[in-house]
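Trainee: Got a structure for you, questions after.
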Amino acid sequence: MKKYKILLLILTVILFLPLVSPAAEKGSALKADVIRKEPYSDAKKTGGITRGEQLQIIGKKGAWLNVKTAKASGWVRLLSVKRGTSSGSNQIKGVLDAASGRAGTGKVVATTGVRGLNEEELKNAKYNEAEVKKLESFTITSQQAQQFAKSGGLKAIKFDYLSEL
Amino acid sequence: MRVKYLFLIFIFISAAFMPQAQAFDFGEALKDVIKETTQGATSSTNATGSESEKAFNWKSPSPQEEIQIGREITGNLLGAAPLVKDAALQKYVNQVGRWVANQSERSDLPWHFGVIESEDINAFAAPGGYVIITKGLYRKLENEAQLAGVLSHEIAHVVRGHHLKILQKSQLLDLGADLLSKQIGRDSQVIQKVIGSGAEICARSLDKSAEFEADRMGVTLTTRAGYEPYGLPEVLQAIGQTAKDESTIALLFKTHPHPDDRLLKLDEAIGSRLDNIKNAKTLKTRFYKLKN
């Protein structure tokens with residue numbers, strides 16, 4: 001009986017695992033910033049984040065992310081937050097890459113058939129006129145692009161180039 | 001004329017005795033002199049023939065010359081990875097890209113956009129309006145505003161002539177002699193000589209400041225086009241999650257500042273400037289989905 005209980009527990013965990021994880025994405029603070037009640041710069045302050053602090057991302061609205069930290073929750077500027085944790089499943093991918101010979105510096109022994117674009121491959125590339133012609137065949141005019149924008153409801157606005165601080 | 005010849009002799013002598021380490025800085029100064037002397041030379045041959053037509057103006061190339069260089073580089077890149085065989089996809093990126101490019105000061109260029117068959121995560125720009133993104137990067141995108149963001153960063157490189165500047169810096173040392181003997185022509189062999197082996201220019205790093213500038217301009221162009229301004233930052237956030245040791249992103253990480261640094265720089269430049277942008281669109285429903 002005990003064995004069945006353990007099995008049941010494991011099955012339950014496996015069943016709910018994918019449901020739980022995407023609900024709140026993990027992230028961390030890229031810099032110190034203010035958490036606000038609403039996604040506006042003049043909204044009431046509800047707390048703050050410090051650089052490197054772990055947080056959960058619940059939602060997104062324009063330039064703002066709805067986050068939850070250990071102490072507070074609310075809206076913080078999108079650019080103050082780094083999404084995800086840079087380890088985890090990617091490490092498995094790294095191991096797979098090594099196994100298929102894709103890792104390392106420039107040496108390609110892979111037989112996977114997937115074309116890479118490392119320095120060596122770029123350097124050894126041979127000019128392909130047929131592909132350039134093909135690329136150029138898809139070229140559209142400025143007017144055609146305007147039509148495309150219009151059909152999507154896009155309107156060009158005046159906005160000065162962002163300058164370096 | 002005699003003064004000019006004396007000048008040339010002086011250049012050759014000083015070039016011959018020039019230590020390697022100084023070659024680069026000296027090259028910049030040398031370039032202007034050569035430009036002046038060759039201009040003088042070609043204008044004097046103007047009367048006798050069409051020789052002057054042949055001199056490739058590397059210092060300030062005409063749009064046609066820029067396109068020629070870019071076409072050659074792009075041809076090499078496409079030799080490494082061909083276009084994805086999906087006409088609807090290629091048409092779509094040209095529509096989005098051209099609309100964004102229209103918002104720049106180089107809307108006169110015949111812009112070309114393409115998605116190439118590679119699972120690497122990267123995008124490339126070549127002079128004259130050639131912009132290529134990999135299928136691997138396209139896969140990371142969720143909406144049209146993000147595509148616009150990625151393309152706009154590359155468009156900015158073209159508008160500011162970032163790659164052209166690299167070529168200009170290196171070409172003089174390789175071709176200085178040819179320039180002086182007026183052997184330089186319009187043929188692709190000469191361009192090939194300057195752009196180096198294959199598409200290696202695509203694997204070279206630009207200045208960090210050029211990348212940050214392209215990010216700022218990218219966000220600007222995306223905003224001007226009516227898209228959600230945060231298209232590019234969102235892609236940077238997604239890319240930042242990819243592990244550094246993953247092979248598909250190795251080249252991008254090697255040639256660009258880390259996404260975290262790029263986001264922080266963007267944040268500094270943006271501040272509250274985007275707070276009042278209204279009716280911006282992501283166009284998620286129109287975003288073209290890859291077939292495989």
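Letters A, B, ... go to the chains of the structure tokens in the order shown; residues in each chain start at 1; ligands are counted from 1 in the same order.
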Skipping near chain neighbours, those fewer than 6 positions away, what residues fall within 9 Å of Gln168 (chain B) using only C-alpha atoms, listed as a ChimeraX atom specification?
Mentor: /B:58-59,194
Trainee: Taking only C-alpha atoms into account, report as a list in words which residues of chain B lie within 6 Å of chain A.
Mentor: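 Listing them in order of chain and number gives Gly75, Asn76, Gly79, Ala80, Lys91, Gln95, Arg98, Trp99, His112, Ser118, Asp120, Ser197, Gly198, Ala199, Glu200, Ala203, Arg216, Thr220, Arg224, Ala225, Gly226, Gln241, Ala243, Glu246, Ser247, Asp267 and Ala269 of chain B.
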Trainee: Identify all residues of region 4-81 of chain A in strand (DSSP E or B) (DSSP on the backbone) and supply them as a compact mmCIF listing (two decimals) with N, CA and C atoms, in the first residue's frame.
Mentor:
```txt
# COMPACT_ATOMS: atom_id res chain seq x y z
N GLU A 25 5.80 33.92 -13.94
CA GLU A 25 7.14 33.85 -14.48
C GLU A 25 8.12 34.44 -13.46
N LYS A 26 9.30 33.83 -13.38
CA LYS A 26 10.29 34.36 -12.44
C LYS A 26 11.12 35.46 -13.09
N GLY A 27 11.62 36.31 -12.28
CA GLY A 27 12.48 37.38 -12.79
C GLY A 27 13.33 37.94 -11.68
N SER A 28 14.19 38.89 -12.05
CA SER A 28 14.99 39.57 -11.03
C SER A 28 15.17 41.03 -11.41
N ALA A 29 15.42 41.85 -10.41
CA ALA A 29 15.55 43.29 -10.65
C ALA A 29 16.91 43.62 -11.25
N ASP A 33 14.31 50.13 -8.14
CA ASP A 33 13.22 50.93 -8.71
C ASP A 33 12.02 50.91 -7.75
N VAL A 34 11.05 51.72 -8.09
CA VAL A 34 9.85 51.86 -7.26
C VAL A 34 8.74 50.94 -7.77
N ILE A 35 8.03 50.31 -6.86
CA ILE A 35 6.84 49.55 -7.23
C ILE A 35 5.64 50.46 -7.01
N ARG A 36 4.74 50.52 -8.01
CA ARG A 36 3.58 51.41 -7.90
C ARG A 36 2.28 50.64 -7.95
N LYS A 45 3.10 54.86 -4.62
CA LYS A 45 4.19 53.92 -4.37
C LYS A 45 3.74 52.85 -3.38
N THR A 46 3.98 51.59 -3.72
CA THR A 46 3.60 50.52 -2.80
C THR A 46 4.83 49.79 -2.24
N GLY A 47 5.99 50.09 -2.79
CA GLY A 47 7.20 49.44 -2.31
C GLY A 47 8.35 49.67 -3.27
N GLY A 48 9.36 48.82 -3.16
CA GLY A 48 10.52 49.00 -4.04
C GLY A 48 11.23 47.69 -4.32
N ILE A 49 12.11 47.71 -5.30
CA ILE A 49 12.94 46.55 -5.57
C ILE A 49 14.40 46.97 -5.51
N GLN A 54 14.90 38.84 -6.30
CA GLN A 54 14.05 37.90 -7.03
C GLN A 54 12.60 38.35 -6.95
N LEU A 55 11.87 38.16 -8.04
CA LEU A 55 10.46 38.53 -8.04
C LEU A 55 9.66 37.65 -8.99
N GLN A 56 8.36 37.77 -8.88
CA GLN A 56 7.48 37.02 -9.77
C GLN A 56 6.78 38.00 -10.70
N ILE A 57 6.70 37.63 -11.99
CA ILE A 57 6.02 38.48 -12.95
C ILE A 57 4.63 37.91 -13.20
N ILE A 58 3.63 38.71 -12.86
CA ILE A 58 2.26 38.23 -12.98
C ILE A 58 1.59 38.70 -14.27
N GLY A 59 1.92 39.90 -14.68
CA GLY A 59 1.29 40.42 -15.89
C GLY A 59 2.10 41.53 -16.52
N LYS A 60 1.60 42.02 -17.67
CA LYS A 60 2.32 43.07 -18.40
C LYS A 60 1.31 44.03 -19.01
N LYS A 61 1.65 45.31 -18.97
CA LYS A 61 0.81 46.30 -19.61
C LYS A 61 1.71 47.42 -20.14
N TRP A 64 4.98 48.48 -18.48
CA TRP A 64 4.98 48.08 -17.07
C TRP A 64 4.77 46.59 -16.87
N LEU A 65 5.40 46.07 -15.82
CA LEU A 65 5.20 44.68 -15.44
C LEU A 65 4.55 44.64 -14.06
N ASN A 66 3.56 43.74 -13.94
CA ASN A 66 2.93 43.54 -12.64
C ASN A 66 3.75 42.49 -11.90
N VAL A 67 4.36 42.89 -10.79
CA VAL A 67 5.27 41.98 -10.09
C VAL A 67 4.89 41.77 -8.63
N LYS A 68 5.47 40.73 -8.09
CA LYS A 68 5.25 40.40 -6.69
C LYS A 68 6.60 40.05 -6.07
N SER A 73 3.81 44.13 -3.78
CA SER A 73 3.37 43.80 -5.13
C SER A 73 2.83 45.06 -5.79
N GLY A 74 2.84 45.07 -7.12
CA GLY A 74 2.40 46.24 -7.87
C GLY A 74 3.08 46.30 -9.22
N TRP A 75 3.17 47.52 -9.74
CA TRP A 75 3.71 47.69 -11.10
C TRP A 75 5.08 48.34 -11.08
N VAL A 76 5.97 47.77 -11.91
CA VAL A 76 7.32 48.29 -11.99
C VAL A 76 7.70 48.42 -13.47
N ARG A 77 8.57 49.37 -13.78
CA ARG A 77 8.96 49.58 -15.18
C ARG A 77 9.61 48.33 -15.77
N VAL A 81 13.50 45.17 -15.02
CA VAL A 81 13.40 43.76 -14.66
C VAL A 81 14.00 42.86 -15.72
```
